[in-house]
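A.B. asks: To be precise about what I am sending: the file is called run-v1.pdb and holds PDB, C-alpha atoms.
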ATOM      1  CA  MET A   5       0.000   0.000   0.000
ATOM      2  CA  ILE A   6       1.334   3.408  -0.908
ATOM      3  CA  ILE A   7       0.535   6.143   1.559
ATOM      4  CA  MET A   8       0.287   9.536  -0.096
ATOM      5  CA  SER A   9       1.511  12.384   2.104
ATOM      6  CA  SER A  10      -0.490  15.529   2.129
ATOM      7  CA  PRO A  11       1.103  18.340   0.124
ATOM      8  CA  VAL A  12       3.192  20.835   2.144
ATOM      9  CA  SER A  13       1.848  24.308   1.806
ATOM     10  CA  THR A  14       4.396  27.066   1.192
ATOM     11  CA  ARG A  15       3.821  30.702   1.984
ATOM     12  CA  PRO A  16       5.000  33.189  -0.607
ATOM     13  CA  SER A  17       7.708  35.513   0.671
ATOM     14  CA  SER A  18       5.897  38.475  -0.795
ATOM     15  CA  SER A  19       3.031  39.387  -3.009
ATOM     16  CA  THR A  20       1.959  42.646  -4.516
ATOM     17  CA  THR A  21      -1.285  44.362  -5.208
ATOM     18  CA  PRO A  22      -2.087  45.677  -8.679
ATOM     19  CA  ASN A  23      -0.811  49.125  -7.702
ATOM     20  CA  GLY A  24       2.613  47.725  -6.718
ATOM     21  CA  HIS A  25       2.309  47.860  -2.908
ATOM     22  CA  TYR A  26       3.394  44.894  -0.797
ATOM     23  CA  HIS A  27       0.904  42.878   1.227
ATOM     24  CA  LYS A  28       1.980  42.622   4.857
ATOM     25  CA  ILE A  29       2.749  38.971   5.645
ATOM     26  CA  SER A  30       3.401  38.210   9.297
ATOM     27  CA  GLY A  31       6.942  36.967  10.036
ATOM     28  CA  VAL A  32       8.371  37.764   6.584
ATOM     29  CA  PRO A  33      10.569  40.838   5.953
ATOM     30  CA  CYS A  34       9.072  43.392   3.640
ATOM     31  CA  PRO A  35      11.769  44.602   1.223
ATOM     32  CA  ALA A  36      12.104  48.353   0.858
ATOM     33  CA  THR A  37      11.949  49.895  -2.548
ATOM     34  CA  PRO A  38      15.598  50.515  -3.513
ATOM     35  CA  THR A  39      16.656  54.009  -4.537
ATOM     36  CA  ARG A  40      19.890  55.535  -5.722
ATOM     37  CA  TYR A  41      20.633  56.867  -2.211
ATOM     38  CA  THR A  42      19.698  53.773  -0.184
ATOM     39  CA  ALA A  43      21.332  51.104  -2.370
ATOM     40  CA  PRO A  44      24.476  49.557  -0.802
ATOM     41  CA  VAL A  45      27.839  51.110  -1.670
ATOM     42  CA  HIS A  46      31.014  49.081  -1.101
ATOM     43  CA  ILE A  47      34.131  51.028  -0.110
ATOM     44  CA  ASP A  48      37.725  49.821   0.242
ATOM     45  CA  VAL A  49      39.514  52.164   2.677
ATOM     46  CA  GLY A  50      43.176  51.246   2.960
ATOM     47  CA  GLY A  51      42.368  47.561   2.437
ATOM     48  CA  VAL A  52      39.403  47.427   4.859
ATOM     49  CA  ILE A  53      36.005  46.894   3.238
ATOM     50  CA  TYR A  54      32.973  48.872   4.400
ATOM     51  CA  THR A  55      29.408  48.943   3.137
ATOM     52  CA  SER A  56      27.248  52.031   3.440
ATOM     53  CA  SER A  57      24.829  54.084   1.338
ATOM     54  CA  LEU A  58      25.030  57.306  -0.643
ATOM     55  CA  GLU A  59      22.558  58.824   1.804
ATOM     56  CA  THR A  60      25.046  58.308   4.653
ATOM     57  CA  LEU A  61      28.223  59.135   2.725
ATOM     58  CA  THR A  62      26.806  62.441   1.423
ATOM     59  CA  ARG A  63      25.113  63.488   4.684
ATOM     60  CA  TYR A  64      27.351  66.579   5.077
ATOM     61  CA  SER A  65      27.322  68.199   1.653
ATOM     62  CA  ASP A  66      30.336  70.456   2.370
ATOM     63  CA  SER A  67      32.602  67.539   3.296
ATOM     64  CA  ARG A  68      35.173  66.046   0.964
ATOM     65  CA  LEU A  69      33.579  62.640   1.482
ATOM     66  CA  ALA A  70      30.252  63.927   0.167
ATOM     67  CA  LYS A  71      31.983  65.486  -2.826
ATOM     68  CA  MET A  72      33.655  62.132  -3.586
ATOM     69  CA  PHE A  73      30.300  60.383  -3.796
ATOM     70  CA  ASN A  74      28.214  63.076  -5.459
ATOM     71  CA  GLY A  75      30.545  63.386  -8.445
ATOM     72  CA  ASN A  76      32.367  66.619  -7.582
ATOM     73  CA  ILE A  77      35.690  64.901  -6.755
ATOM     74  CA  PRO A  78      36.910  61.869  -8.785
ATOM     75  CA  ILE A  79      37.218  58.616  -6.834
ATOM     76  CA  VAL A  80      38.950  55.376  -7.844
ATOM     77  CA  LEU A  81      36.618  52.496  -8.732
ATOM     78  CA  ASP A  82      37.889  48.901  -8.666
ATOM     79  CA  THR A  83      35.874  47.684 -11.657
ATOM     80  CA  LEU A  84      36.679  44.038 -10.940
ATOM     81  CA  LYS A  85      35.255  44.044  -7.411
ATOM     82  CA  GLN A  86      32.966  47.073  -7.833
ATOM     83  CA  HIS A  87      34.506  48.708  -4.767
ATOM     84  CA  TYR A  88      35.347  52.398  -4.481
ATOM     85  CA  PHE A  89      38.900  52.870  -3.176
ATOM     86  CA  ILE A  90      40.125  55.540  -0.715
ATOM     87  CA  ASP A  91      43.791  55.488   0.292
ATOM     88  CA  ARG A  92      43.332  56.390   3.971
ATOM     89  CA  ASP A  93      43.401  54.659   7.370
ATOM     90  CA  GLY A  94      40.955  51.768   7.059
ATOM     91  CA  LYS A  95      40.739  51.070  10.785
ATOM     92  CA  LEU A  96      39.805  54.652  11.719
ATOM     93  CA  PHE A  97      37.234  54.974   8.918
ATOM     94  CA  ARG A  98      34.937  52.992  11.207
ATOM     95  CA  TYR A  99      34.605  56.049  13.454
ATOM     96  CA  ILE A 100      34.144  58.371  10.468
ATOM     97  CA  LEU A 101      31.293  56.198   9.210
ATOM     98  CA  ASN A 102      29.711  55.952  12.655
ATOM     99  CA  TYR A 103      29.800  59.753  12.935
ATOM    100  CA  LEU A 104      27.980  60.053   9.606
ATOM    101  CA  ARG A 105      25.346  57.586  10.792
ATOM    102  CA  SER A 106      24.741  59.019  14.267
ATOM    103  CA  GLN A 107      25.915  62.672  13.893
ATOM    104  CA  ARG A 108      28.092  62.395  17.005
ATOM    105  CA  LEU A 109      31.526  61.129  17.991
ATOM    106  CA  ILE A 110      31.448  57.552  19.284
ATOM    107  CA  VAL A 111      34.726  55.959  20.414
ATOM    108  CA  PRO A 112      35.669  53.294  22.988
ATOM    109  CA  GLU A 113      36.283  54.375  26.583
ATOM    110  CA  ARG A 114      40.048  53.830  26.348
ATOM    111  CA  PHE A 115      40.468  55.167  22.812
ATOM    112  CA  ASP A 116      43.962  56.643  22.374
ATOM    113  CA  GLU A 117      44.126  57.588  18.685
ATOM    114  CA  TYR A 118      42.543  61.040  18.824
ATOM    115  CA  GLU A 119      45.413  62.699  16.935
ATOM    116  CA  GLN A 120      45.155  60.202  14.071
ATOM    117  CA  LEU A 121      41.361  60.451  13.997
ATOM    118  CA  TYR A 122      41.641  64.248  13.917
ATOM    119  CA  GLU A 123      43.812  63.964  10.790
ATOM    120  CA  GLU A 124      41.260  61.662   9.162
ATOM    121  CA  ALA A 125      38.402  64.057  10.008
ATOM    122  CA  ARG A 126      40.440  66.919   8.560
ATOM    123  CA  PHE A 127      41.060  64.970   5.332
ATOM    124  CA  TYR A 128      37.352  64.215   4.926
ATOM    125  CA  GLU A 129      36.559  67.870   5.872
ATOM    126  CA  LEU A 130      34.006  66.993   8.538
ATOM    127  CA  ALA A 131      33.817  70.290  10.449
ATOM    128  CA  GLY A 132      31.428  69.016  13.130
ATOM    129  CA  LEU A 133      33.605  66.034  13.962
ATOM    130  CA  LEU A 134      36.678  68.289  14.111
ATOM    131  CA  ARG A 135      34.937  70.494  16.690
ATOM    132  CA  GLU A 136      34.032  67.490  18.825
ATOM    133  CA  LEU A 137      37.595  66.166  18.694
ATOM    134  CA  GLU A 138      38.993  69.600  19.644
ATOM    135  CA  ALA A 139      36.666  69.700  22.652
ATOM    136  CA  VAL A 140      37.791  66.215  23.702
ATOM    137  CA  LYS A 141      41.429  67.276  23.356
ATOM    138  CA  LYS A 142      40.930  70.334  25.566
ATOM    139  CA  ASN A 143      39.137  68.317  28.225
ATOM    140  CA  LYS A 144      41.921  65.749  28.148
ATOM    141  CA  GLU A 145      44.594  68.450  28.506
ATOM    142  CA  ALA A 146      42.760  70.004  31.445
ATOM    143  CA  SER A 147      42.429  66.568  33.031
ATOM    144  CA  ASP A 148      46.156  65.911  32.559
ATOM    145  CA  VAL A 149      47.060  69.248  34.153
ATOM    146  CA  ALA A 150      44.762  68.530  37.097
ATOM    147  CA  LYS A 151      46.341  65.088  37.516
ATOM    148  CA  VAL A 152      49.843  66.571  37.595
ATOM    149  CA  SER A 153      48.736  69.208  40.099
ATOM    150  CA  ARG A 154      47.275  66.534  42.386
ATOM    151  CA  GLU A 155      50.516  64.571  42.237
ATOM    152  CA  ILE A 156      52.610  67.651  43.072
ATOM    153  CA  LYS A 157      50.253  68.617  45.869
ATOM    154  CA  THR A 158      50.438  65.110  47.328
ATOM    155  CA  GLU A 159      54.248  65.215  47.179
ATOM    156  CA  LYS A 160      54.289  68.475  49.133
ATOM    157  CA  GLY A 161      51.835  67.180  51.720
ATOM    158  CA  LEU A 162      49.074  69.654  50.848
ATOM    159  CA  SER A 163      45.316  69.075  50.999
ATOM    160  CA  PRO A 164      43.625  67.428  47.987
ATOM    161  CA  VAL A 165      42.229  69.701  45.270
ATOM    162  CA  GLY A 166      38.944  71.341  46.202
ATOM    163  CA  VAL A 167      39.071  70.333  49.896
ATOM    164  CA  SER A 168      39.318  73.094  52.469
ATOM    165  CA  GLY A 169      41.386  72.324  55.530
ATOM    166  CA  ALA A 170      40.927  73.523  59.075
ATOM    167  CA  ASP A 171      43.309  76.386  58.402
ATOM    168  CA  GLY A 172      40.810  78.222  56.240
ATOM    169  CA  GLY A 173      41.218  76.735  52.719
ATOM    170  CA  TYR A 174      42.579  78.435  49.617
ATOM    171  CA  VAL A 175      43.377  82.128  49.789
ATOM    172  CA  ASP A 176      45.654  82.774  46.769
ATOM    173  CA  CYS A 177      44.019  82.630  43.346
ATOM    174  CA  ILE A 178      45.229  83.238  39.764
ATOM    175  CA  ALA A 179      43.023  82.974  36.666
ATOM    176  CA  VAL A 180      44.713  82.014  33.370
ATOM    177  CA  SER A 181      43.008  82.619  30.012
ATOM    178  CA  ILE A 182      44.452  81.018  26.849
ATOM    179  CA  SER A 183      43.403  81.748  23.275
ATOM    180  CA  PRO A 184      45.000  80.452  20.040
ATOM    181  CA  ASP A 185      44.808  83.907  18.416
ATOM    182  CA  LEU A 186      48.120  84.934  16.810
ATOM    183  CA  GLY A 187      49.748  81.670  17.824
ATOM    184  CA  GLU A 188      48.839  81.721  21.515
ATOM    185  CA  ARG A 189      47.541  84.567  23.653
ATOM    186  CA  ILE A 190      47.784  84.242  27.446
ATOM    187  CA  SER A 191      46.346  86.624  30.016
ATOM    188  CA  LEU A 192      46.453  86.559  33.823
ATOM    189  CA  SER A 193      44.112  87.900  36.498
ATOM    190  CA  ALA A 194      45.124  88.083  40.164
ATOM    191  CA  GLU A 195      46.398  90.328  42.937
ATOM    192  CA  ARG A 196      49.377  92.278  41.669
ATOM    193  CA  PRO A 197      51.762  91.174  44.478
ATOM    194  CA  LEU A 198      50.844  87.550  43.743
ATOM    195  CA  LEU A 199      51.707  87.889  40.052
ATOM    196  CA  GLU A 200      54.974  89.575  40.969
ATOM    197  CA  GLU A 201      55.808  86.645  43.263
ATOM    198  CA  VAL A 202      55.137  83.945  40.673
ATOM    199  CA  PHE A 203      56.304  85.907  37.604
ATOM    200  CA  PRO A 204      59.023  88.302  38.846
ATOM    201  CA  GLU A 205      59.974  89.188  35.262
ATOM    202  CA  LEU A 206      56.651  91.074  34.985
ATOM    203  CA  THR A 207      57.259  93.433  37.931
ATOM    204  CA  SER A 208      58.246  96.492  35.907
ATOM    205  CA  ALA A 209      55.401  95.991  33.402
ATOM    206  CA  LEU A 210      52.852  95.576  36.190
ATOM    207  CA  MET A 211      53.848  98.938  37.675
ATOM    208  CA  ASP A 212      52.544 100.660  34.529
ATOM    209  CA  THR A 213      48.741 100.783  34.844
ATOM    210  CA  ARG A 214      48.385 101.078  31.070
ATOM    211  CA  ASN A 215      49.538  97.472  30.699
ATOM    212  CA  SER A 216      47.483  95.838  33.391
ATOM    213  CA  GLY A 217      43.784  96.094  32.568
ATOM    214  CA  TRP A 218      41.520  97.183  35.415
ATOM    215  CA  HIS A 219      43.023  98.196  38.729
ATOM    216  CA  LEU A 220      41.037  98.310  41.943
ATOM    217  CA  ASP A 221      43.010 100.422  44.417
ATOM    218  CA  ASN A 222      46.059  99.545  42.297
ATOM    219  CA  HIS A 223      45.993  96.067  43.822
ATOM    220  CA  TYR A 224      44.147  93.755  41.418
ATOM    221  CA  VAL A 225      45.142  93.048  37.803
ATOM    222  CA  ILE A 226      42.541  91.898  35.279
ATOM    223  CA  ARG A 227      43.566  90.062  32.093
ATOM    224  CA  PHE A 228      47.194  91.130  32.023
ATOM    225  CA  PRO A 229      48.582  90.326  28.507
ATOM    226  CA  LEU A 230      51.468  88.036  29.397
ATOM    227  CA  ASN A 231      52.724  87.570  25.823
ATOM    228  CA  GLY A 232      53.625  91.233  25.433
ATOM    229  CA  PHE A 233      56.155  91.139  28.274
ATOM    230  CA  CYS A 234      57.210  87.519  28.717
ATOM    231  CA  LYS A 235      58.033  84.655  26.323
ATOM    232  CA  LEU A 236      56.476  81.874  28.402
ATOM    233  CA  ASN A 237      54.045  79.560  26.620
ATOM    234  CA  SER A 238      50.922  78.093  28.248
ATOM    235  CA  VAL A 239      52.654  74.887  29.393
ATOM    236  CA  GLN A 240      55.472  76.899  31.007
ATOM    237  CA  VAL A 241      52.959  79.188  32.730
ATOM    238  CA  MET A 242      51.099  76.215  34.203
ATOM    239  CA  GLN A 243      54.350  74.576  35.251
ATOM    240  CA  ARG A 244      55.422  77.791  36.982
ATOM    241  CA  LEU A 245      52.140  77.867  38.920
ATOM    242  CA  LEU A 246      52.378  74.188  39.874
ATOM    243  CA  ASN A 247      55.935  74.749  41.111
ATOM    244  CA  HIS A 248      54.569  77.479  43.403
ATOM    245  CA  ALA A 249      52.127  74.976  44.961
ATOM    246  CA  PHE A 250      49.075  76.128  42.974
ATOM    247  CA  VAL A 251      46.531  73.569  41.800
ATOM    248  CA  VAL A 252      43.726  73.675  39.235
ATOM    249  CA  ILE A 253      40.346  73.984  40.951
ATOM    250  CA  ALA A 254      38.228  74.913  37.911
ATOM    251  CA  SER A 255      38.462  75.074  34.127
ATOM    252  CA  SER A 256      36.258  75.915  31.176
ATOM    253  CA  GLY A 257      36.460  76.532  27.450
ATOM    254  CA  GLY A 258      34.401  77.315  24.406
ATOM    255  CA  GLY A 259      34.145  79.423  21.283
ATOM    256  CA  VAL A 260      33.774  78.616  17.609
ATOM    257  CA  GLU A 261      36.277  77.356  15.068
ATOM    258  CA  GLY A 262      39.285  79.694  14.980
ATOM    259  CA  GLN A 263      38.158  81.577  18.107
ATOM    260  CA  GLN A 264      38.385  79.015  20.891
ATOM    261  CA  PHE A 265      39.507  79.818  24.417
ATOM    262  CA  SER A 266      40.364  77.951  27.599
ATOM    263  CA  GLU A 267      40.353  79.326  31.130
ATOM    264  CA  TYR A 268      41.818  77.830  34.299
ATOM    265  CA  VAL A 269      41.549  78.883  37.927
ATOM    266  CA  PHE A 270      44.628  78.068  40.015
ATOM    267  CA  ALA A 271      44.447  78.304  43.807
ATOM    268  CA  ARG A 272      46.872  77.857  46.699
ATOM    269  CA  ASN A 273      46.413  77.449  50.441
ATOM    270  CA  CYS A 274      49.160  79.759  51.625
ATOM    271  CA  LYS A 275      48.708  78.814  55.309
ATOM    272  CA  SER A 276      49.712  75.237  54.544
ATOM    273  CA  LEU A 277      53.004  76.528  53.141
ATOM    274  CA  ARG A 278      54.198  77.960  56.461
TER     275      ARG A 278
END
Go ahead and render the structure in this file as structure tokens.
C.D. replies:
Amino acid sequence: MIIMSSPVSTRPSSSTTPNGHYHKISGVPCPATPTRYTAPVHIDVGGVIYTSSLETLTRYSDSRLAKMFNGNIPIVLDTLKQHYFIDRDGKLFRYILNYLRSQRLIVPERFDEYEQLYEEARFYELAGLLRELEAVKKNKEASDVAKVSREIKTEKGLSPVGVSGADGGYVDCIAVSISPDLGERISLSAERPLLEEVFPELTSALMDTRNSGWHLDNHYVIRFPLNGFCKLNSVQVMQRLLNHAFVVIASSGGGVEGQQFSEYVFARNCKSLR
């Protein structure tokens, strides 16, 4: 006796209506209608293959990357593999592509290739990513300075940063403002005797009120232009302050491209130095 098995029913993966729309079938993906901007694009960046779309690659129309893929800048096409070729760092292109997809910088917690990534962002002319990387760099520099100041303070047996001791806390304070204008512009704000103690080479210049910004009873100096009277750079200024037992207790920065600034507040508990 031959037993006939019942036919196995198969469900079509998709079906369309007369007007071209897809019927919704539960559990089966509904393919999107491909367009020029959503179709996959294969890119070989320094030997590493990535797949993206024209929509993503041309997201920032002023970038070099967008100009490569909208026809304004020629790009090499490997006709055998149908891959576009870019002779740049293939590993770091991952972060470039993620920025295009999410519109923000996304890197691992212990990422240590900011300088290289900055160069890649500059090549692709991604202004927004450059600004984010510059902000990260400034925060990292401020963090490094604060770390050094904590180490020096610990060596000298002083109180930790931001903690007031029983002797009354910090009483000496110097504000440092740094701007990249004309190479590097540094200005100082503090009591005049305090600046003369830390920067004795400025004593004669500080005596002339025309050089020293505002004066309140000829005692306080506001935004004294250090560069005009002293050849110290910002690192040397901070080192000088750290050597005089000052520590960073606050910092900030901001501005737009080409007009950034950073400001630091250094303080010292003079009673603990006795």
A.B. asks: For this file, the PyMOL selection byres ((chain A and resi 188-200) around 7) selects which residues, as a VMD selection string?
C.D. replies: chain A and resid 177 to 187 201 to 204 206 to 207 223 to 231 238
A.B. asks: Do you know which residues the PyMOL selection byres ((chain A and resi 80) around 10) returns on this file, as a ChimeraX atom specification?
C.D. replies: /A:48,72,78-79,81-83,87-91
A.B. asks: Report, in Å with one decimal, the straight-line distance from atom CA of A:Glu138 to atom CA of A:Leu96.
C.D. replies: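 We find that atom CA of A:Glu138 and atom CA of A:Leu96 lie 16.9 Å from each other.
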A.B. asks: Where does the PyMOL selection byres ((chain A and resi 268) around 7) land in this file, that is, which residues does it pick, as JSON, numbers by chain?
C.D. replies: {"A": [179, 180, 181, 252, 254, 255, 256, 266, 267, 269, 270]}
A.B. asks: Mind pulling up the distance from atom CA of A:Asp176 to atom CA of A:Ala249?
C.D. replies: 10.3 Å
A.B. asks: Could you jot down the atom CA of A:His248 to atom CA of A:Ala271 separation for me, Å, one decimal place?
C.D. replies: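 Distance between the two atoms: 10.2 Å.
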